[in-house]
file coords.tsv (TSV, C-alpha atoms)
chain	number	residue	atom	x	y	z
A	22	MET	CA	49.61	66.24	-23.24
A	23	ALA	CA	46.74	68.12	-24.79
A	24	SER	CA	43.32	67.23	-23.43
A	25	LEU	CA	40.69	65.37	-25.44
A	26	ALA	CA	37.00	65.83	-26.12
A	27	VAL	CA	34.60	64.14	-28.48
A	28	VAL	CA	32.71	66.24	-31.01
A	29	ILE	CA	29.64	64.85	-32.82
A	30	ALA	CA	28.99	66.47	-36.19
A	31	ALA	CA	25.62	66.74	-37.91
A	32	PHE	CA	25.72	63.92	-40.46
A	33	ALA	CA	23.16	61.21	-41.09
A	34	VAL	CA	24.86	59.29	-38.30
A	35	PRO	CA	27.24	60.67	-35.68
A	36	VAL	CA	30.71	61.45	-36.99
A	37	LEU	CA	33.11	61.28	-34.09
A	38	THR	CA	36.34	63.19	-33.87
A	39	VAL	CA	38.74	64.06	-31.10
A	40	GLU	CA	39.74	67.68	-30.75
A	41	PRO	CA	43.09	67.89	-28.94
A	42	THR	CA	42.65	71.51	-27.86
A	43	ALA	CA	39.16	71.25	-26.37
A	44	PRO	CA	38.58	70.96	-22.62
A	45	GLN	CA	38.30	67.34	-21.52
A	46	ALA	CA	34.79	66.20	-20.66
A	47	ALA	CA	34.25	63.77	-17.81
A	48	GLU	CA	34.11	60.19	-19.02
A	49	VAL	CA	30.82	58.36	-18.78
A	50	VAL	CA	32.00	54.89	-17.78
A	51	PRO	CA	29.42	52.14	-18.43
A	52	ARG	CA	28.24	50.01	-15.51
A	53	GLN	CA	29.33	46.85	-17.30
A	54	ASP	CA	32.48	46.50	-19.37
A	55	VAL	CA	32.02	47.20	-23.07
A	56	ARG	CA	33.52	44.36	-25.10
A	57	VAL	CA	35.52	45.86	-27.98
A	58	ALA	CA	36.96	43.92	-30.92
A	59	VAL	CA	39.63	45.34	-33.22
A	60	VAL	CA	40.35	44.61	-36.90
A	61	GLY	CA	43.18	46.33	-38.70
A	62	ASP	CA	46.76	46.45	-39.89
A	63	SER	CA	50.08	47.49	-38.35
A	64	LEU	CA	48.41	50.55	-36.81
A	65	SER	CA	46.56	48.13	-34.49
A	66	ALA	CA	48.90	45.12	-34.45
A	67	GLY	CA	51.53	46.31	-31.98
A	68	ARG	CA	55.31	45.92	-32.10
A	69	SER	CA	55.23	42.28	-33.20
A	70	GLY	CA	53.17	43.09	-36.27
A	71	PHE	CA	50.44	40.64	-35.33
A	72	LEU	CA	47.67	41.30	-32.82
A	73	GLY	CA	47.46	37.59	-31.99
A	74	ASN	CA	50.76	37.92	-30.13
A	75	GLY	CA	49.08	40.17	-27.56
A	76	LEU	CA	48.87	43.85	-26.74
A	77	ASP	CA	52.00	45.88	-26.08
A	78	ASP	CA	53.09	49.49	-25.70
A	79	GLU	CA	52.54	50.18	-29.42
A	80	SER	CA	49.01	48.75	-29.46
A	81	TRP	CA	46.50	51.57	-29.18
A	82	MET	CA	44.06	49.22	-27.43
A	83	THR	CA	46.51	48.99	-24.52
A	84	TYR	CA	45.57	52.58	-23.65
A	85	ALA	CA	41.88	52.40	-24.58
A	86	LYS	CA	40.98	49.40	-22.42
A	87	GLY	CA	40.22	49.33	-18.70
A	88	ASP	CA	37.70	51.26	-16.61
A	89	GLY	CA	34.68	50.15	-18.61
A	90	ILE	CA	36.31	48.85	-21.80
A	91	ALA	CA	37.37	45.21	-22.22
A	92	PHE	CA	39.40	43.93	-25.16
A	93	ALA	CA	37.38	41.14	-26.80
A	94	GLY	CA	39.97	40.14	-29.40
A	95	GLY	CA	40.12	40.57	-33.14
A	96	TRP	CA	42.66	40.39	-35.94
A	97	ALA	CA	45.36	42.79	-37.11
A	98	ARG	CA	48.54	42.16	-39.08
A	99	ALA	CA	51.18	44.47	-40.48
A	100	GLY	CA	50.75	45.02	-44.21
A	101	ALA	CA	47.22	43.64	-44.41
A	102	THR	CA	44.63	45.10	-46.76
A	103	PRO	CA	40.94	45.11	-45.81
A	104	ASP	CA	40.38	42.16	-48.17
A	105	GLU	CA	43.05	40.15	-46.35
A	106	MET	CA	41.52	41.07	-43.01
A	107	ALA	CA	38.10	39.91	-44.17
A	108	ALA	CA	39.56	36.57	-45.25
A	109	ALA	CA	41.30	36.02	-41.90
A	110	VAL	CA	38.91	37.37	-39.26
A	111	GLU	CA	36.79	34.91	-37.31
A	112	PRO	CA	33.55	35.36	-35.34
A	113	ILE	CA	33.85	36.62	-31.75
A	114	GLU	CA	31.07	36.08	-29.25
A	115	ASN	CA	29.24	38.93	-27.56
A	116	VAL	CA	31.00	41.96	-29.06
A	117	ASP	CA	29.51	45.32	-28.13
A	118	VAL	CA	31.71	47.49	-30.36
A	119	LEU	CA	33.84	46.63	-33.39
A	120	VAL	CA	36.58	49.09	-34.34
A	121	ILE	CA	37.96	48.86	-37.88
A	122	LEU	CA	41.10	50.82	-38.73
A	123	ALA	CA	41.98	49.72	-42.25
A	124	GLY	CA	42.87	51.02	-45.67
A	125	THR	CA	46.42	52.36	-45.65
A	126	ASN	CA	47.77	49.18	-47.24
A	127	ALA	CA	45.09	49.31	-49.90
A	128	VAL	CA	46.38	52.76	-50.80
A	129	ARG	CA	49.97	51.50	-50.64
A	130	THR	CA	49.24	48.69	-53.11
A	131	GLY	CA	47.22	50.85	-55.50
A	132	ARG	CA	43.77	49.57	-54.59
A	133	THR	CA	40.81	51.93	-54.40
A	134	PHE	CA	37.99	51.98	-51.89
A	135	ALA	CA	35.71	50.53	-54.56
A	136	ASP	CA	38.03	47.51	-54.70
A	137	GLU	CA	37.91	47.07	-50.93
A	138	ARG	CA	34.32	47.99	-50.14
A	139	PRO	CA	33.03	44.39	-49.91
A	140	ALA	CA	35.77	43.58	-47.40
A	141	TYR	CA	34.35	46.01	-44.82
A	142	GLU	CA	30.93	44.42	-45.19
A	143	ARG	CA	32.41	40.93	-44.70
A	144	ILE	CA	34.34	42.00	-41.60
A	145	VAL	CA	31.25	43.51	-40.00
A	146	ASP	CA	29.11	40.50	-40.88
A	147	THR	CA	31.68	38.09	-39.45
A	148	ILE	CA	32.14	39.85	-36.11
A	149	GLY	CA	28.44	40.65	-35.61
A	150	ALA	CA	29.00	43.52	-33.16
A	151	ARG	CA	26.17	45.62	-31.79
A	152	GLN	CA	27.94	48.84	-32.80
A	153	VAL	CA	30.51	49.42	-35.55
A	154	ILE	CA	33.10	52.19	-35.58
A	155	VAL	CA	35.17	52.69	-38.72
A	156	ALA	CA	38.14	55.03	-38.39
A	157	GLY	CA	39.56	57.26	-41.05
A	158	LEU	CA	43.05	56.73	-42.40
A	159	PRO	CA	45.97	58.56	-40.85
A	160	PRO	CA	48.15	60.75	-43.05
A	161	TYR	CA	50.21	58.71	-45.52
A	162	ARG	CA	53.34	60.49	-46.66
A	163	TRP	CA	53.91	58.33	-49.74
A	164	LYS	CA	50.49	58.79	-51.35
A	165	PRO	CA	48.81	61.63	-49.47
A	166	THR	CA	46.19	62.51	-52.09
A	167	GLU	CA	45.15	58.89	-52.59
A	168	ALA	CA	44.85	58.38	-48.83
A	169	VAL	CA	42.56	61.39	-48.51
A	170	GLU	CA	40.41	60.22	-51.44
A	171	TYR	CA	40.15	56.70	-50.01
A	172	SER	CA	39.20	58.01	-46.59
A	173	ARG	CA	36.56	60.31	-48.06
A	174	ALA	CA	34.95	57.46	-50.01
A	175	LEU	CA	35.11	55.23	-46.93
A	176	GLN	CA	33.37	57.87	-44.83
A	177	GLN	CA	30.52	58.17	-47.33
A	178	PHE	CA	30.07	54.40	-47.28
A	179	VAL	CA	30.11	54.21	-43.48
A	180	VAL	CA	27.44	56.90	-43.20
A	181	GLN	CA	25.28	55.09	-45.78
A	182	GLU	CA	25.60	51.85	-43.79
A	183	GLY	CA	24.53	53.53	-40.55
A	184	TRP	CA	27.80	52.76	-38.80
A	185	ARG	CA	29.88	55.29	-36.84
A	186	TRP	CA	32.61	57.18	-38.65
A	187	ALA	CA	35.48	58.28	-36.41
A	188	ASP	CA	38.57	60.42	-36.82
A	189	PRO	CA	41.02	59.69	-33.99
A	190	TRP	CA	43.87	61.41	-35.84
A	191	THR	CA	43.25	65.09	-35.18
A	192	PHE	CA	46.29	65.22	-32.89
A	193	ALA	CA	48.43	63.67	-35.62
A	194	ARG	CA	47.40	65.61	-38.70
A	195	SER	CA	48.56	68.84	-40.28
A	196	GLY	CA	46.59	69.20	-43.49
A	197	SER	CA	47.12	65.95	-45.42
A	198	SER	CA	50.46	65.36	-43.67
A	199	TRP	CA	51.61	64.27	-40.24
A	200	ALA	CA	52.01	66.95	-37.60
A	201	ASN	CA	55.60	67.64	-36.65
A	202	GLY	CA	57.10	64.91	-34.51
A	203	VAL	CA	54.14	62.51	-34.52
A	204	SER	CA	55.54	60.11	-37.14
A	205	THR	CA	59.08	59.32	-38.25
A	206	ASP	CA	58.31	57.01	-41.18
A	207	GLY	CA	55.31	58.82	-42.64
A	208	THR	CA	53.01	55.84	-42.07
A	209	HIS	CA	52.86	55.06	-38.34
A	210	PRO	CA	52.90	56.94	-35.03
A	211	ALA	CA	56.50	57.42	-33.98
A	212	ASP	CA	56.54	55.64	-30.63
A	213	ALA	CA	54.58	54.38	-27.64
A	214	ALA	CA	53.73	57.93	-26.54
A	215	GLU	CA	51.96	58.61	-29.84
A	216	TYR	CA	50.15	55.26	-29.72
A	217	ARG	CA	48.97	56.24	-26.26
A	218	ARG	CA	47.47	59.42	-27.70
A	219	LEU	CA	45.76	57.34	-30.38
A	220	GLY	CA	44.45	54.90	-27.78
A	221	LEU	CA	43.04	57.66	-25.61
A	222	ALA	CA	41.35	59.16	-28.66
A	223	PHE	CA	39.75	55.82	-29.45
A	224	ARG	CA	38.72	55.41	-25.81
A	225	SER	CA	36.83	58.71	-25.91
A	226	ILE	CA	35.19	57.74	-29.19
A	227	ILE	CA	34.14	54.28	-27.97
A	228	LEU	CA	32.68	55.60	-24.72
A	229	SER	CA	30.81	58.31	-26.64
A	230	VAL	CA	29.26	55.73	-28.99
A	231	VAL	CA	28.20	53.56	-26.05
A	232	ALA	CA	26.73	56.51	-24.13
A	233	ALA	CA	24.72	57.59	-27.18
A	234	SER	CA	23.38	54.10	-27.89
A	235	PRO	CA	19.93	52.98	-26.69
A	236	SER	CA	20.21	50.94	-23.50
call {"tool": "encode", "arguments": {"input": "coords.tsv", "output": "structure tokens"}}
result
Amino acid sequence: MASLAVVIAAFAVPVLTVEPTAPQAAEVVPRQDVRVAVVGDSLSAGRSGFLGNGLDDESWMTYAKGDGIAFAGGWARAGATPDEMAAAVEPIENVDVLVILAGTNAVRTGRTFADERPAYERIVDTIGARQVIVAGLPPYRWKPTEAVEYSRALQQFVVQEGWRWADPWTFARSGSSWANGVSTDGTHPADAAEYRRLGLAFRSIILSVVAASPS
């Protein structure tokens, strides 16, 4: 598997991506576990389609946690839009990092980022994490242009809010489409091996955010 490294671009706040061809940097593991909460859709929910049923081999957090990262909980359900997530999520105590991976179902149902913008604010306010990471959308075969436009508007909003924008999908993307073999349905990673790659990308991103944060 290609190695991973985190690259921080020169935006108003760090923009975190994972370059699959770069040499892998040594992880900086925190002395105490970082408590990470997850909010999202089927991309985070696992095989059962609901994160509340527990992590499994198609939950990216399965591969991100451990050795300095603890899963603090969260909410993710297949088919959910950000607005539905915001209505369902509940407060979680003592969260260091919140990861939001949301928006594909908004695109699927014809909603724009402007429609969903308040939902991201509500999610962040409800969880109350010390750091917030919002991930870009993966490729979406059925509405590729709309997915790119949504993700671009989401990134601008995240930067304005002072949160961390992350792109864990560099391994998965070829232009606005999925790279060959990474997805079979045009919406999700194909199997557990691809979710593992996604989880390792998120792990690098999370540890980079923690290392760059004031102690």
call {"tool": "residues_around", "arguments": {"input": "coords.tsv", "residues": "A:Leu221", "least_positions_apart": "3", "cutoff": "9 Å", "atoms": "all atoms listed in the file", "output": "VMD selection string"}}
result
chain A and resid 25 81 to 82 84 to 85 189 216 to 218 224 to 226
call {"tool": "atom_distance", "arguments": {"input": "coords.tsv", "atom1": "atom CA of A:Ala174", "atom2": "atom CA of A:Phe134"}}
result
6.5 Å
call {"tool": "closest_residue", "arguments": {"input": "coords.tsv", "among": "A:Ala200, A:Ala108, A:Ala150, A:Leu122", "to": "A:Leu175", "atoms": "all atoms listed in the file"}}
result
A:Leu122
call {"tool": "atom_distance", "arguments": {"input": "coords.tsv", "atom1": "atom CA of A:Val179", "atom2": "atom CA of A:Val155"}}
result
7.1 Å
call {"tool": "closest_residue", "arguments": {"input": "coords.tsv", "among": "A:Asp188, A:Asp136, A:Glu79, A:Glu215", "to": "A:Ala156", "atoms": "only C-alpha atoms"}}
result
A:Asp188
call {"tool": "atom_distance", "arguments": {"input": "coords.tsv", "atom1": "atom CA of A:Pro112", "atom2": "atom CA of A:Ile148"}}
result
4.8 Å
call {"tool": "residues_near_point", "arguments": {"input": "coords.tsv", "point": "(32.5, 51.4, -20.0)", "cutoff": "8 Å", "atoms": "only C-alpha atoms", "output": "list in words"}}
result
Val49, Val50, Pro51, Arg52, Gln53, Asp54, Val55, Asp88, Gly89, Ile90, Leu228 and Val231 of chain A
call {"tool": "residues_around", "arguments": {"input": "coords.tsv", "residues": "A:Val60", "least_positions_apart": "2", "cutoff": "8 Å", "atoms": "only C-alpha atoms", "output": "number ranges by chain"}}
result
A: 58, 62, 65, 95-97, 106, 110, 119-123
call {"tool": "closest_residue", "arguments": {"input": "coords.tsv", "among": "A:Gln181, A:Ser229, A:Ser195, A:Thr133", "to": "A:Pro159", "atoms": "only C-alpha atoms"}}
result
A:Ser195
call {"tool": "closest_residue", "arguments": {"input": "coords.tsv", "among": "A:Gly202, A:Gly87, A:Pro160, A:Gly124", "to": "A:Arg56", "atoms": "only C-alpha atoms"}}
result
A:Gly87
call {"tool": "closest_residue", "arguments": {"input": "coords.tsv", "among": "A:Ile144, A:Leu76, A:Ile113, A:Ala101", "to": "A:Val128", "atoms": "all atoms listed in the file"}}
result
A:Ala101
call {"tool": "residues_around", "arguments": {"input": "coords.tsv", "residues": "A:Glu142", "least_positions_apart": "4", "cutoff": "10 Å", "atoms": "all atoms listed in the file", "output": "list in words"}}
result
Ala107, Glu137, Arg138, Asp146, Thr147, Val179 and Glu182 of chain A
call {"tool": "decode", "arguments": {"input": "coords.tsv", "residues": "stretch 123-148 of chain A", "atoms": "N, CA, C and O atoms", "output": "CSV table (one decimal), in the first residue's frame"}}
result
chain,number,residue,atom,x,y,z
A,123,ALA,N,-19.6,14.7,5.7
A,123,ALA,CA,-21.0,14.8,5.4
A,123,ALA,C,-21.2,15.7,4.2
A,123,ALA,O,-20.5,16.7,4.0
A,124,GLY,N,-22.3,15.4,3.4
A,124,GLY,CA,-22.6,16.2,2.3
A,124,GLY,C,-23.0,15.4,1.0
A,124,GLY,O,-23.8,15.9,0.2
A,125,THR,N,-22.6,14.2,0.9
A,125,THR,CA,-22.9,13.4,-0.3
A,125,THR,C,-24.4,13.3,-0.5
A,125,THR,O,-24.9,13.4,-1.6
A,126,ASN,N,-25.1,13.0,0.6
A,126,ASN,CA,-26.6,12.8,0.5
A,126,ASN,C,-27.3,14.1,0.3
A,126,ASN,O,-28.4,14.1,-0.3
A,127,ALA,N,-26.7,15.2,0.7
A,127,ALA,CA,-27.3,16.5,0.3
A,127,ALA,C,-27.2,16.7,-1.2
A,127,ALA,O,-28.2,17.1,-1.9
A,128,VAL,N,-26.1,16.3,-1.8
A,128,VAL,CA,-25.9,16.4,-3.3
A,128,VAL,C,-26.9,15.4,-3.9
A,128,VAL,O,-27.6,15.7,-4.9
A,129,ARG,N,-27.0,14.2,-3.4
A,129,ARG,CA,-27.9,13.2,-3.9
A,129,ARG,C,-29.3,13.7,-4.0
A,129,ARG,O,-30.1,13.4,-5.0
A,130,THR,N,-29.8,14.4,-3.0
A,130,THR,CA,-31.2,14.8,-2.9
A,130,THR,C,-31.4,16.2,-3.4
A,130,THR,O,-32.5,16.8,-3.3
A,131,GLY,N,-30.4,16.8,-4.1
A,131,GLY,CA,-30.5,18.1,-4.7
A,131,GLY,C,-30.4,19.3,-3.9
A,131,GLY,O,-30.8,20.4,-4.3
A,132,ARG,N,-29.9,19.1,-2.7
A,132,ARG,CA,-29.7,20.3,-1.8
A,132,ARG,C,-28.3,20.9,-2.0
A,132,ARG,O,-27.3,20.2,-2.3
A,133,THR,N,-28.2,22.2,-1.8
A,133,THR,CA,-26.9,22.9,-2.0
A,133,THR,C,-26.3,23.0,-0.6
A,133,THR,O,-26.9,22.8,0.4
A,134,PHE,N,-25.0,23.5,-0.7
A,134,PHE,CA,-24.4,23.8,0.6
A,134,PHE,C,-25.1,24.9,1.4
A,134,PHE,O,-25.2,24.9,2.6
A,135,ALA,N,-25.6,25.9,0.6
A,135,ALA,CA,-26.3,27.0,1.3
A,135,ALA,C,-27.5,26.4,2.1
A,135,ALA,O,-27.8,26.9,3.2
A,136,ASP,N,-28.1,25.4,1.6
A,136,ASP,CA,-29.3,24.8,2.3
A,136,ASP,C,-28.8,24.1,3.6
A,136,ASP,O,-29.5,24.1,4.6
A,137,GLU,N,-27.6,23.5,3.6
A,137,GLU,CA,-27.1,22.7,4.7
A,137,GLU,C,-26.1,23.4,5.6
A,137,GLU,O,-25.8,22.9,6.7
A,138,ARG,N,-25.7,24.6,5.3
A,138,ARG,CA,-24.7,25.3,6.1
A,138,ARG,C,-25.1,25.4,7.6
A,138,ARG,O,-24.2,25.1,8.4
A,139,PRO,N,-26.3,25.8,7.9
A,139,PRO,CA,-26.6,25.8,9.4
A,139,PRO,C,-26.5,24.5,10.1
A,139,PRO,O,-26.2,24.5,11.3
A,140,ALA,N,-26.6,23.4,9.4
A,140,ALA,CA,-26.5,22.1,10.0
A,140,ALA,C,-25.1,21.8,10.5
A,140,ALA,O,-24.9,21.3,11.6
A,141,TYR,N,-24.1,22.3,9.8
A,141,TYR,CA,-22.7,22.1,10.3
A,141,TYR,C,-22.5,22.9,11.6
A,141,TYR,O,-21.8,22.4,12.5
A,142,GLU,N,-23.0,24.1,11.6
A,142,GLU,CA,-22.9,24.9,12.8
A,142,GLU,C,-23.5,24.2,14.0
A,142,GLU,O,-23.0,24.2,15.1
A,143,ARG,N,-24.7,23.7,13.8
A,143,ARG,CA,-25.4,23.0,14.9
A,143,ARG,C,-24.7,21.8,15.4
A,143,ARG,O,-24.6,21.5,16.6
A,144,ILE,N,-24.1,21.0,14.4
A,144,ILE,CA,-23.4,19.8,14.8
A,144,ILE,C,-22.2,20.2,15.7
A,144,ILE,O,-21.9,19.6,16.8
A,145,VAL,N,-21.4,21.2,15.3
A,145,VAL,CA,-20.2,21.6,16.0
A,145,VAL,C,-20.7,22.2,17.4
A,145,VAL,O,-20.0,21.8,18.4
A,146,ASP,N,-21.7,23.0,17.4
A,146,ASP,CA,-22.2,23.5,18.7
A,146,ASP,C,-22.6,22.4,19.7
A,146,ASP,O,-22.4,22.5,20.9
A,147,THR,N,-23.3,21.4,19.1
A,147,THR,CA,-23.8,20.3,20.0
A,147,THR,C,-22.6,19.5,20.6
A,147,THR,O,-22.7,19.2,21.8
A,148,ILE,N,-21.7,19.1,19.8
A,148,ILE,CA,-20.6,18.3,20.3
A,148,ILE,C,-19.6,19.1,21.2
A,148,ILE,O,-19.1,18.6,22.2
